[in-house]
Amino acid sequence: MIWNWEFAAEALPILLRGFVNTLIATAVGTLIAVVLGLIIAVAIRGLPRWINWLIRLLVAFVRNTPLIMQLMFVYFIFAGIPGLVDIPALVVGFIVIGIHYSTYMSESYRAGIDAVPPGQHEAATALSLPPVRKFTAVVLPQALRATVPSLGNYAVAMFKDTPFLFAISVVELVTSAQQFGAAKFAYTEAFTLAGIIFLAASYPTSLLIQRMEKRLATY
Amino acid sequence: MPPTENIPSATGETAPSASATPAIEFKDVEKSFGKTTVLKDLNFSVAPGERVTLIGPSGSGKTTILRLVMTLEELTGGYIYIDGKPLTHTERDGKRVELPSKVTRSMTTRIGMVFQQFNLFPNMTVLENIIEAPVHVLGKSKAEASKEAKALLEKVGLAEKADEHPTRLSGGQQQRVAIARALAMSPEILLLDEVTSALDPELVGDVLAVLRDIAETTDITMLLVTHEMQFARDVSHRVMMFDGGQVLEEGPPDQIFNNPEHERTRSFLSSVL
Amino acid sequence: MTDNIQTLLNFLPQLWEGVQTTLILTVLGSIGAVVIALVLGLAMTSTHRWLRVPARIIVEFFRGTSLLVQLFWLFYVFPLLGVDLDPMVCGIGALALNYGAYSAEVVRSSIITVDKGQWEGAIALSLSPTRRMTRVIFPQAWALMIPSLATLLIQLLKGSAVVSFITLQDLTEKIDQLRQSTNDTYFSFTIGLIIYFVIAWLLQEFMNFLERRATARLGRRRPNSRTDRRATRRDAREALRQDRLNSRLRGAGAGPGSGNAGGGL
């Protein structure tokens, strides 16, 4: 028998402790991405053309390069700055993962804003609403409604990308599984449990998002 | 007021005899979608060469009948026979048995259908659309199928569009290609499902002219659902009025249009004319 | 700085090896993913329950358990089961399975998005089920699935960096070695990120080319958004739809019966 229940029982609390870091990284990362994504999507509208272009390039750059390398990049830079050396790797982790996913989320916001029917802009203009009010009271609420499910899906995606924090030795779920596996030579139990925990957390969440999406799709 | 007395009938010929083996026969047909029963205990037959128009309010099941013949819908009860042979289900030892899909498909090669939304394949040129089935279902050579396809395109007035993509054609042109595509299989039965309903009014005439020509020059059995009452009157031998999944009344177009028996038929006709 | 350049020049052959490893992982991983996606995606559109349900379970399993878990399973657990896999095979396998599962959902939702009338047109012509799929439905679904597959391909490229955790000398690993020999994080990682960016850009261009070819086959031209306002709105809705699809592909995504992945709003 390749499966050892004793190892499994021993591994579980350790994995769950690692899982706490996974959840922290996901939660704070999502918060950063949701806010920063919106800022990027909205800011891009009011800025001069060349800055706009620069932001777009930067967004494309972050989006199209590996999260793992970005994590290592920032981690080593912080390690070289005297005042930042002591910042925990977990903090580096959620900052980088948050920024990485903000590039995806900004795209969702942008698509949502663009999909607001032109009649809504026109009606707001016809009411002589000032531009800021027009945006915050009319356009944005409708855009957000269309965007929320996308944001949720990206949060789930981020959750499943947190094992990449392995690259900077954050002891999250998979890292703790790897450490336990190496110490006890019990890889089967450790990684199987890690997979189950991931599945058990992500699948119901995405079903929930899906249901929300259906509800939000109808006014 | 008899609503249609001013419409002259062009049907001079006599209807094909009903005594031969029917081209299409519905026997105790039942069709339901989930809990909704659309057709129940439906029995009727269509003689070879006969042209029958189905009329009736929307939801009366007339399009479902065409779709059942084309096997686009699953028959939930009863039997359909084509040339006396079962289409999808047969009776064996008193039990209703589904036929293998290959058998059904060999039967449907005799049946052609033209749809309201044309349903041309956008990934193929006009010519490729027409020769697809003759080559890959009937096993004709590409050269032979192309030659026949070009003759058909000539017939529907689109000879110069053979190498175009369907999406570049107008609705009326697409529909004429769809008719040519159906005819390329030399069907014994042609099903026409509201073929002009999706067209701009000025394009309807060309399509109807092509169909009139087919009606006059071939003896293909036709089953049509249409809102073009003048056309129905001109080409069909028989009109069947459907209501609530049942044949309310039927007869030659003159009779149904000029002198309907039922009040429901009358009010339906006055609403569409 | 000149020291860095000199180190980089000496390092170039090694760097090239890393790029090659990353490219091999990406190319073979995505070929494997496409094969898996076609098999599972088509199975999920099947009318047979015993094909559809297992395919759905496999897809949800490989989407729901993280890529790294799958990689470590192949790398650490398989040897315990008596199967010793080359790290390269582990890398390609994990990428193919994980992204194949995501792509299967793209294949499925694209196929069911093809207009019902196309199926009916094919049935009316008595085309065989195989011919119906290969000649009529799939070519149209293919045009629909390319943008999402392009997104996944780039994600696979980015995800391939995980193989540096299992001793493979890919681009990420080589860049880390460059960092150690130059002792300059900015210099080495900027070079690494730029190389990834260029590869991603080339892959995107390749997928754009495939998409142009596929839509040209359908006889469609992209609407000119400057002259056609309605087309612009359509584009915006299309962008939203695409974004939803992409976000869902990234998340664990659609469960059973979510037939509207490609559907409207």
# chains A, B, ... in the order shown; residues from 1 in each chain; ligands from 1
>>> residues_around(residues="Leu31 of chain A", least_positions_apart="6", cutoff="10 Å", atoms="only C-alpha atoms", output="PDB file with C-alpha atoms, in the first residue's frame")
ATOM      1  CA  ALA A  25      -1.961  35.922  -0.195  1.00  0.00           C
ATOM      2  CA  GLY A  37      -7.122  47.363 -11.740  1.00  0.00           C
ATOM      3  CA  PHE A  94       0.787  39.333  -2.275  1.00  0.00           C
ATOM      4  CA  ILE A  95       2.062  42.637  -3.621  1.00  0.00           C
ATOM      5  CA  GLY A  98      -1.850  41.602  -6.745  1.00  0.00           C
ATOM      6  CA  SER A 102      -4.478  43.981 -11.624  1.00  0.00           C
ATOM      7  CA  ALA A 155      -9.555  35.832  -7.784  1.00  0.00           C
TER       8      ALA A 155
END
>>> select_by_dssp(residues="segment 157-219 of chain A", states="alpha helix (DSSP H)", output="PyMOL selection string")
chain A and resi 157-161+173-184+187-217
>>> write_last_selection(atoms="N, CA and C atoms", output="tab-separated table (two decimals), in the first residue's frame")
chain	number	residue	atom	x	y	z
A	157	ALA	N	-8.46	32.29	-9.94
A	157	ALA	CA	-7.23	32.00	-10.69
A	157	ALA	C	-6.01	32.36	-9.86
A	158	MET	N	-6.11	33.50	-9.17
A	158	MET	CA	-5.00	33.95	-8.33
A	158	MET	C	-4.74	32.94	-7.22
A	159	PHE	N	-5.81	32.46	-6.64
A	159	PHE	CA	-5.73	31.44	-5.61
A	159	PHE	C	-4.92	30.24	-6.10
A	160	LYS	N	-5.19	29.85	-7.33
A	160	LYS	CA	-4.49	28.67	-7.86
A	160	LYS	C	-3.07	28.99	-8.30
A	161	ASP	N	-2.76	30.28	-8.41
A	161	ASP	CA	-1.38	30.67	-8.74
A	161	ASP	C	-0.52	30.89	-7.49
A	173	LEU	N	0.53	26.49	0.92
A	173	LEU	CA	0.06	25.11	0.93
A	173	LEU	C	1.02	24.13	0.25
A	174	VAL	N	1.41	24.43	-0.97
A	174	VAL	CA	2.21	23.45	-1.72
A	174	VAL	C	3.64	23.38	-1.18
A	175	THR	N	4.16	24.55	-0.77
A	175	THR	CA	5.50	24.55	-0.19
A	175	THR	C	5.53	23.71	1.08
A	176	SER	N	4.50	23.87	1.92
A	176	SER	CA	4.46	23.08	3.15
A	176	SER	C	4.32	21.59	2.82
A	177	ALA	N	3.57	21.30	1.75
A	177	ALA	CA	3.43	19.90	1.33
A	177	ALA	C	4.78	19.35	0.88
A	178	GLN	N	5.50	20.17	0.15
A	178	GLN	CA	6.80	19.73	-0.37
A	178	GLN	C	7.77	19.49	0.79
A	179	GLN	N	7.74	20.41	1.76
A	179	GLN	CA	8.64	20.28	2.91
A	179	GLN	C	8.31	19.04	3.73
A	180	PHE	N	7.01	18.85	3.95
A	180	PHE	CA	6.59	17.68	4.70
A	180	PHE	C	6.98	16.40	3.96
A	181	GLY	N	6.71	16.42	2.66
A	181	GLY	CA	7.02	15.26	1.83
A	181	GLY	C	8.49	14.91	1.88
A	182	ALA	N	9.33	15.94	1.84
A	182	ALA	CA	10.77	15.72	1.83
A	182	ALA	C	11.24	15.18	3.18
A	183	ALA	N	10.66	15.73	4.26
A	183	ALA	CA	11.09	15.35	5.61
A	183	ALA	C	10.71	13.90	5.92
A	184	LYS	N	9.50	13.50	5.53
A	184	LYS	CA	9.00	12.17	5.90
A	184	LYS	C	9.04	11.21	4.72
A	187	TYR	N	5.59	11.98	-0.02
A	187	TYR	CA	5.09	12.90	-1.06
A	187	TYR	C	3.66	12.58	-1.47
A	188	THR	N	3.36	11.28	-1.54
A	188	THR	CA	2.03	10.90	-2.03
A	188	THR	C	0.94	11.55	-1.19
A	189	GLU	N	1.05	11.37	0.13
A	189	GLU	CA	0.02	11.89	1.02
A	189	GLU	C	0.00	13.42	0.96
A	190	ALA	N	1.20	14.03	1.01
A	190	ALA	CA	1.27	15.49	1.07
A	190	ALA	C	0.67	16.14	-0.17
A	191	PHE	N	1.09	15.69	-1.34
A	191	PHE	CA	0.62	16.38	-2.56
A	191	PHE	C	-0.81	16.03	-2.90
A	192	THR	N	-1.23	14.79	-2.55
A	192	THR	CA	-2.62	14.44	-2.81
A	192	THR	C	-3.54	15.30	-1.95
A	193	LEU	N	-3.17	15.44	-0.69
A	193	LEU	CA	-3.98	16.28	0.20
A	193	LEU	C	-3.99	17.72	-0.29
A	194	ALA	N	-2.82	18.21	-0.73
A	194	ALA	CA	-2.75	19.59	-1.23
A	194	ALA	C	-3.70	19.77	-2.40
A	195	GLY	N	-3.69	18.79	-3.31
A	195	GLY	CA	-4.59	18.86	-4.47
A	195	GLY	C	-6.04	18.87	-4.05
A	196	ILE	N	-6.37	18.01	-3.08
A	196	ILE	CA	-7.76	17.94	-2.63
A	196	ILE	C	-8.19	19.26	-1.99
A	197	ILE	N	-7.29	19.84	-1.19
A	197	ILE	CA	-7.65	21.11	-0.55
A	197	ILE	C	-7.90	22.18	-1.63
A	198	PHE	N	-7.04	22.21	-2.64
A	198	PHE	CA	-7.24	23.18	-3.72
A	198	PHE	C	-8.58	22.99	-4.40
A	199	LEU	N	-8.85	21.74	-4.75
A	199	LEU	CA	-10.08	21.43	-5.46
A	199	LEU	C	-11.30	21.77	-4.60
A	200	ALA	N	-11.20	21.42	-3.32
A	200	ALA	CA	-12.33	21.63	-2.42
A	200	ALA	C	-12.61	23.12	-2.23
A	201	ALA	N	-11.57	23.94	-2.34
A	201	ALA	CA	-11.78	25.38	-2.16
A	201	ALA	C	-12.17	26.06	-3.46
A	202	SER	N	-11.55	25.67	-4.57
A	202	SER	CA	-11.75	26.45	-5.80
A	202	SER	C	-13.02	26.06	-6.55
A	203	TYR	N	-13.36	24.79	-6.53
A	203	TYR	CA	-14.50	24.38	-7.34
A	203	TYR	C	-15.82	24.97	-6.85
A	204	PRO	N	-16.13	24.85	-5.53
A	204	PRO	CA	-17.37	25.47	-5.07
A	204	PRO	C	-17.38	26.98	-5.29
A	205	THR	N	-16.23	27.62	-5.09
A	205	THR	CA	-16.18	29.06	-5.29
A	205	THR	C	-16.55	29.43	-6.72
A	206	SER	N	-16.01	28.68	-7.68
A	206	SER	CA	-16.32	29.06	-9.05
A	206	SER	C	-17.76	28.74	-9.41
A	207	LEU	N	-18.32	27.71	-8.79
A	207	LEU	CA	-19.74	27.46	-9.01
A	207	LEU	C	-20.57	28.63	-8.49
A	208	LEU	N	-20.13	29.15	-7.35
A	208	LEU	CA	-20.82	30.28	-6.74
A	208	LEU	C	-20.76	31.51	-7.66
A	209	ILE	N	-19.56	31.75	-8.18
A	209	ILE	CA	-19.39	32.89	-9.09
A	209	ILE	C	-20.26	32.74	-10.33
A	210	GLN	N	-20.32	31.49	-10.79
A	210	GLN	CA	-21.12	31.22	-11.95
A	210	GLN	C	-22.59	31.54	-11.72
A	211	ARG	N	-23.06	31.17	-10.53
A	211	ARG	CA	-24.45	31.45	-10.22
A	211	ARG	C	-24.67	32.96	-10.12
A	212	MET	N	-23.70	33.63	-9.51
A	212	MET	CA	-23.78	35.09	-9.39
A	212	MET	C	-23.82	35.72	-10.78
A	213	GLU	N	-23.00	35.18	-11.67
A	213	GLU	CA	-22.95	35.72	-13.03
A	213	GLU	C	-24.31	35.63	-13.70
A	214	LYS	N	-24.98	34.50	-13.53
A	214	LYS	CA	-26.30	34.33	-14.13
A	214	LYS	C	-27.29	35.32	-13.54
A	215	ARG	N	-27.19	35.53	-12.22
A	215	ARG	CA	-28.11	36.47	-11.58
A	215	ARG	C	-27.86	37.88	-12.05
A	216	LEU	N	-26.58	38.26	-12.15
A	216	LEU	CA	-26.24	39.63	-12.52
A	216	LEU	C	-26.53	39.91	-13.99
A	217	ALA	N	-26.58	38.86	-14.79
A	217	ALA	CA	-26.77	39.05	-16.22
A	217	ALA	C	-28.16	39.57	-16.53
>>> residues_around(residues="Gly251 of chain B", least_positions_apart="3", cutoff="12 Å", atoms="only C-alpha atoms", output="list in words")
Ala15, Arg51, Val52, Thr53, Leu54, Ile55, Arg233, Ser236, His237, Arg238, Val239, Met240, Met241, Val247, Leu248, Asp254, Gln255, Ile256, Phe257, Asn258, Asn259, Pro260 and Glu261 of chain B
>>> write_last_selection(atoms="N, CA and C atoms", output="JSON list (two decimals), in the first residue's frame")
[["chain", "number", "residue", "atom", "x", "y", "z"],
["B", 15, "ALA", "N", -54.93, 17.31, -58.51],
["B", 15, "ALA", "CA", -54.03, 16.83, -57.48],
["B", 15, "ALA", "C", -53.62, 15.39, -57.77],
["B", 51, "ARG", "N", -48.22, 18.85, -53.49],
["B", 51, "ARG", "CA", -47.65, 20.01, -52.80],
["B", 51, "ARG", "C", -48.66, 20.49, -51.76],
["B", 52, "VAL", "N", -48.24, 20.41, -50.50],
["B", 52, "VAL", "CA", -49.15, 20.69, -49.39],
["B", 52, "VAL", "C", -48.63, 21.87, -48.58],
["B", 53, "THR", "N", -49.50, 22.84, -48.34],
["B", 53, "THR", "CA", -49.12, 23.97, -47.50],
["B", 53, "THR", "C", -49.76, 23.81, -46.13],
["B", 54, "LEU", "N", -48.93, 24.02, -45.10],
["B", 54, "LEU", "CA", -49.44, 23.98, -43.74],
["B", 54, "LEU", "C", -49.62, 25.41, -43.26],
["B", 55, "ILE", "N", -50.82, 25.74, -42.82],
["B", 55, "ILE", "CA", -51.04, 27.07, -42.27],
["B", 55, "ILE", "C", -51.58, 26.94, -40.84],
["B", 233, "ARG", "N", -51.43, 29.53, -52.43],
["B", 233, "ARG", "CA", -52.62, 29.28, -53.24],
["B", 233, "ARG", "C", -52.23, 28.87, -54.66],
["B", 236, "SER", "N", -49.93, 25.18, -54.30],
["B", 236, "SER", "CA", -50.26, 23.94, -53.59],
["B", 236, "SER", "C", -51.52, 23.28, -54.11],
["B", 237, "HIS", "N", -51.55, 21.96, -53.93],
["B", 237, "HIS", "CA", -52.72, 21.18, -54.27],
["B", 237, "HIS", "C", -53.68, 21.15, -53.10],
["B", 238, "ARG", "N", -53.10, 21.26, -51.91],
["B", 238, "ARG", "CA", -53.90, 21.07, -50.72],
["B", 238, "ARG", "C", -53.37, 22.00, -49.64],
["B", 239, "VAL", "N", -54.27, 22.51, -48.84],
["B", 239, "VAL", "CA", -53.89, 23.35, -47.70],
["B", 239, "VAL", "C", -54.43, 22.69, -46.44],
["B", 240, "MET", "N", -53.55, 22.62, -45.43],
["B", 240, "MET", "CA", -53.99, 22.05, -44.15],
["B", 240, "MET", "C", -53.91, 23.13, -43.08],
["B", 241, "MET", "N", -55.03, 23.35, -42.43],
["B", 241, "MET", "CA", -55.08, 24.35, -41.36],
["B", 241, "MET", "C", -54.85, 23.63, -40.03],
["B", 247, "VAL", "N", -55.16, 18.80, -37.14],
["B", 247, "VAL", "CA", -55.64, 19.35, -38.41],
["B", 247, "VAL", "C", -57.07, 19.82, -38.19],
["B", 248, "LEU", "N", -57.24, 21.13, -38.28],
["B", 248, "LEU", "CA", -58.58, 21.68, -38.06],
["B", 248, "LEU", "C", -59.45, 21.45, -39.29],
["B", 254, "ASP", "N", -58.56, 26.75, -53.01],
["B", 254, "ASP", "CA", -59.75, 27.57, -53.28],
["B", 254, "ASP", "C", -60.76, 27.46, -52.14],
["B", 255, "GLN", "N", -60.95, 26.21, -51.74],
["B", 255, "GLN", "CA", -61.94, 25.96, -50.70],
["B", 255, "GLN", "C", -61.52, 26.58, -49.36],
["B", 256, "ILE", "N", -60.27, 26.33, -48.99],
["B", 256, "ILE", "CA", -59.82, 26.81, -47.68],
["B", 256, "ILE", "C", -59.77, 28.34, -47.64],
["B", 257, "PHE", "N", -59.28, 28.93, -48.72],
["B", 257, "PHE", "CA", -59.12, 30.38, -48.71],
["B", 257, "PHE", "C", -60.44, 31.11, -48.91],
["B", 258, "ASN", "N", -61.33, 30.54, -49.77],
["B", 258, "ASN", "CA", -62.55, 31.27, -50.09],
["B", 258, "ASN", "C", -63.72, 30.89, -49.22],
["B", 259, "ASN", "N", -63.68, 29.62, -48.78],
["B", 259, "ASN", "CA", -64.88, 29.14, -48.13],
["B", 259, "ASN", "C", -64.56, 28.25, -46.93],
["B", 260, "PRO", "N", -63.78, 28.78, -45.99],
["B", 260, "PRO", "CA", -63.38, 27.93, -44.87],
["B", 260, "PRO", "C", -64.58, 27.55, -44.02],
["B", 261, "GLU", "N", -64.51, 26.32, -43.49],
["B", 261, "GLU", "CA", -65.62, 25.84, -42.69],
["B", 261, "GLU", "C", -65.61, 26.44, -41.29]]
>>> atom_distance(atom1="atom CA of Leu67 of chain A", atom2="atom CA of Ala96 of chain C")
18.9 Å
>>> closest_residue(among="B:Leu223, B:Leu120, B:Ile179, B:Leu42", to="Ala149 of chain B", atoms="only C-alpha atoms")
B:Ile179
>>> residues_around(residues="Val62 of chain A", least_positions_apart="6", cutoff="12 Å", atoms="only C-alpha atoms", output="list in words")
Ile55, Arg56, Ile68, Met69, Gln70, Leu71, Val96, Ile97, Gly98, Ile99, His100, Tyr101, Ser102, Thr103 and Tyr104 of chain A; Lys158, Thr190, Leu193, Ile194, Tyr196, Phe197 and Ala200 of chain C
>>> residues_around(residues="segment 237-244 of chain C", least_positions_apart="6", cutoff="7 Å", atoms="only C-alpha atoms", output="number ranges by chain")
A: 108, 111-112, 115, 150
>>> write_last_selection(atoms="N, CA and C atoms", output="mmCIF file, in the first residue's frame")
data_model
loop_
_atom_site.group_PDB
_atom_site.id
_atom_site.type_symbol
_atom_site.label_atom_id
_atom_site.label_comp_id
_atom_site.auth_asym_id
_atom_site.auth_seq_id
_atom_site.Cartn_x
_atom_site.Cartn_y
_atom_site.Cartn_z
ATOM 1 N N SER A 108 -10.794 43.695 -17.559
ATOM 2 C CA SER A 108 -12.206 43.405 -17.305
ATOM 3 C C SER A 108 -13.006 44.689 -17.098
ATOM 4 N N ALA A 111 -13.426 46.448 -20.461
ATOM 5 C CA ALA A 111 -14.445 45.808 -21.298
ATOM 6 C C ALA A 111 -15.839 46.138 -20.777
ATOM 7 N N GLY A 112 -15.986 46.133 -19.446
ATOM 8 C CA GLY A 112 -17.281 46.439 -18.857
ATOM 9 C C GLY A 112 -17.708 47.865 -19.134
ATOM 10 N N ALA A 115 -18.774 48.370 -22.696
ATOM 11 C CA ALA A 115 -20.002 47.699 -23.107
ATOM 12 C C ALA A 115 -21.266 48.408 -22.605
ATOM 13 N N SER A 150 -16.192 38.449 -13.604
ATOM 14 C CA SER A 150 -14.833 38.313 -14.115
ATOM 15 C C SER A 150 -13.823 38.472 -12.999
#
>>> closest_atom_pairs(of="chain C", to="chain B", cutoff="9 Å", atoms="only C-alpha atoms", output="tab-separated table")
residue	atom	partner	partner_atom	distance
C:Asp115	CA	B:Asn119	CA	8.7
C:Lys116	CA	B:Asn119	CA	8.9
C:Gly117	CA	B:Asn119	CA	5.3
C:Gln118	CA	B:Asn119	CA	5.5
C:Trp119	CA	B:Asn119	CA	8.6
C:Glu120	CA	B:Leu72	CA	6.5
C:Gly121	CA	B:Asn119	CA	5.5
C:Ala122	CA	B:Phe121	CA	8.6
C:Ile123	CA	B:Leu72	CA	7.2
C:Ala124	CA	B:Met113	CA	6.0
C:Leu125	CA	B:Ala133	CA	5.9
C:Ser126	CA	B:Thr109	CA	5.6
C:Leu127	CA	B:Val137	CA	6.2
C:Ser128	CA	B:Val137	CA	7.7
C:Arg131	CA	B:His136	CA	8.3
C:Arg135	CA	B:Asn123	CA	8.5
C:Val136	CA	B:Phe121	CA	6.6
C:Ile137	CA	B:Phe121	CA	8.8
C:Pro139	CA	B:Asn123	CA	6.8
C:Gln140	CA	B:Asn123	CA	6.7
C:Ala214	CA	B:Asn123	CA	8.6
C:Thr215	CA	B:Asn123	CA	8.5
C:Ala216	CA	B:Asn123	CA	8.6
C:Arg217	CA	B:Asn123	CA	5.3
C:Leu218	CA	B:Asn123	CA	4.2
C:Gly219	CA	B:His165	CA	5.4
C:Arg220	CA	B:Thr167	CA	6.9
>>> write_last_selection(atoms="C-alpha atoms", output="PDB file, in the first residue's frame")
ATOM      1  CA  ASP C 115     -25.314  28.396 -34.653  1.00  0.00           C
ATOM      2  CA  LYS C 116     -27.893  25.600 -34.256  1.00  0.00           C
ATOM      3  CA  GLY C 117     -28.877  26.188 -37.871  1.00  0.00           C
ATOM      4  CA  GLN C 118     -25.493  24.911 -38.984  1.00  0.00           C
ATOM      5  CA  TRP C 119     -26.129  21.561 -37.301  1.00  0.00           C
ATOM      6  CA  GLU C 120     -29.568  21.438 -38.847  1.00  0.00           C
ATOM      7  CA  GLY C 121     -28.287  22.349 -42.285  1.00  0.00           C
ATOM      8  CA  ALA C 122     -25.801  19.494 -42.033  1.00  0.00           C
ATOM      9  CA  ILE C 123     -28.455  17.024 -40.868  1.00  0.00           C
ATOM     10  CA  ALA C 124     -30.779  18.113 -43.665  1.00  0.00           C
ATOM     11  CA  LEU C 125     -28.033  17.183 -46.127  1.00  0.00           C
ATOM     12  CA  SER C 126     -27.701  13.764 -44.434  1.00  0.00           C
ATOM     13  CA  LEU C 127     -24.003  14.351 -43.672  1.00  0.00           C
ATOM     14  CA  SER C 128     -22.543  11.699 -41.368  1.00  0.00           C
ATOM     15  CA  ARG C 131     -18.381  14.784 -41.556  1.00  0.00           C
ATOM     16  CA  ARG C 135     -16.407  19.851 -42.272  1.00  0.00           C
ATOM     17  CA  VAL C 136     -19.159  22.085 -40.919  1.00  0.00           C
ATOM     18  CA  ILE C 137     -19.070  22.652 -37.159  1.00  0.00           C
ATOM     19  CA  PRO C 139     -14.059  24.912 -38.817  1.00  0.00           C
ATOM     20  CA  GLN C 140     -16.518  27.492 -37.489  1.00  0.00           C
ATOM     21  CA  ALA C 214      -9.790  31.149 -39.958  1.00  0.00           C
ATOM     22  CA  THR C 215     -12.118  34.163 -40.211  1.00  0.00           C
ATOM     23  CA  ALA C 216     -11.137  34.715 -43.850  1.00  0.00           C
ATOM     24  CA  ARG C 217     -12.276  31.141 -44.500  1.00  0.00           C
ATOM     25  CA  LEU C 218     -15.639  32.069 -43.083  1.00  0.00           C
ATOM     26  CA  GLY C 219     -15.774  34.960 -45.546  1.00  0.00           C
ATOM     27  CA  ARG C 220     -16.024  37.475 -42.736  1.00  0.00           C
TER      28      ARG C 220
END
>>> closest_residue(among="C:Thr22, C:Thr130, C:Thr47, C:Thr151", to="Tyr102 of chain C", atoms="only C-alpha atoms")
C:Thr151
>>> atom_distance(atom1="atom CA of Leu80 of chain C", atom2="atom CA of Phe185 of chain A")
9.5 Å
>>> residues_around(residues="Glu216 of chain B", least_positions_apart="5", cutoff="10 Å", atoms="only C-alpha atoms", output="ChimeraX atom specification")
/B:210-211,235
>>> atom_distance(atom1="atom CA of Arg52 of chain C", atom2="atom CA of Gly159 of chain C")
28.1 Å
>>> residues_around(residues="Leu38 of chain C", least_positions_apart="4", cutoff="9 Å", atoms="only C-alpha atoms", output="VMD selection string")
chain C and resid 33 to 34 42 to 43 100 103 to 104 107 to 108
>>> write_last_selection(atoms="N, CA and C atoms", output="compact mmCIF listing (two decimals), in the first residue's frame")
# COMPACT_ATOMS: atom_id res chain seq x y z
N ALA C 33 -1.53 19.79 -24.97
CA ALA C 33 -2.74 20.41 -24.46
C ALA C 33 -3.85 20.41 -25.51
N VAL C 34 -3.47 20.69 -26.76
CA VAL C 34 -4.48 20.73 -27.82
C VAL C 34 -5.08 19.35 -28.03
N LEU C 42 -14.50 17.52 -27.12
CA LEU C 42 -15.51 16.85 -27.94
C LEU C 42 -16.34 15.89 -27.09
N ALA C 43 -15.66 15.19 -26.17
CA ALA C 43 -16.40 14.26 -25.31
C ALA C 43 -17.45 15.02 -24.49
N GLY C 100 -4.45 21.76 -21.02
CA GLY C 100 -5.36 20.97 -21.85
C GLY C 100 -6.77 20.98 -21.27
N SER C 103 -8.23 24.32 -21.98
CA SER C 103 -8.56 24.43 -23.40
C SER C 103 -9.76 23.58 -23.78
N ALA C 104 -9.94 22.46 -23.08
CA ALA C 104 -11.08 21.60 -23.38
C ALA C 104 -12.38 22.38 -23.19
N VAL C 107 -12.83 24.51 -26.19
CA VAL C 107 -13.31 23.71 -27.32
C VAL C 107 -14.81 23.45 -27.16
N ARG C 108 -15.19 23.01 -25.97
CA ARG C 108 -16.60 22.69 -25.73
C ARG C 108 -17.49 23.91 -25.96
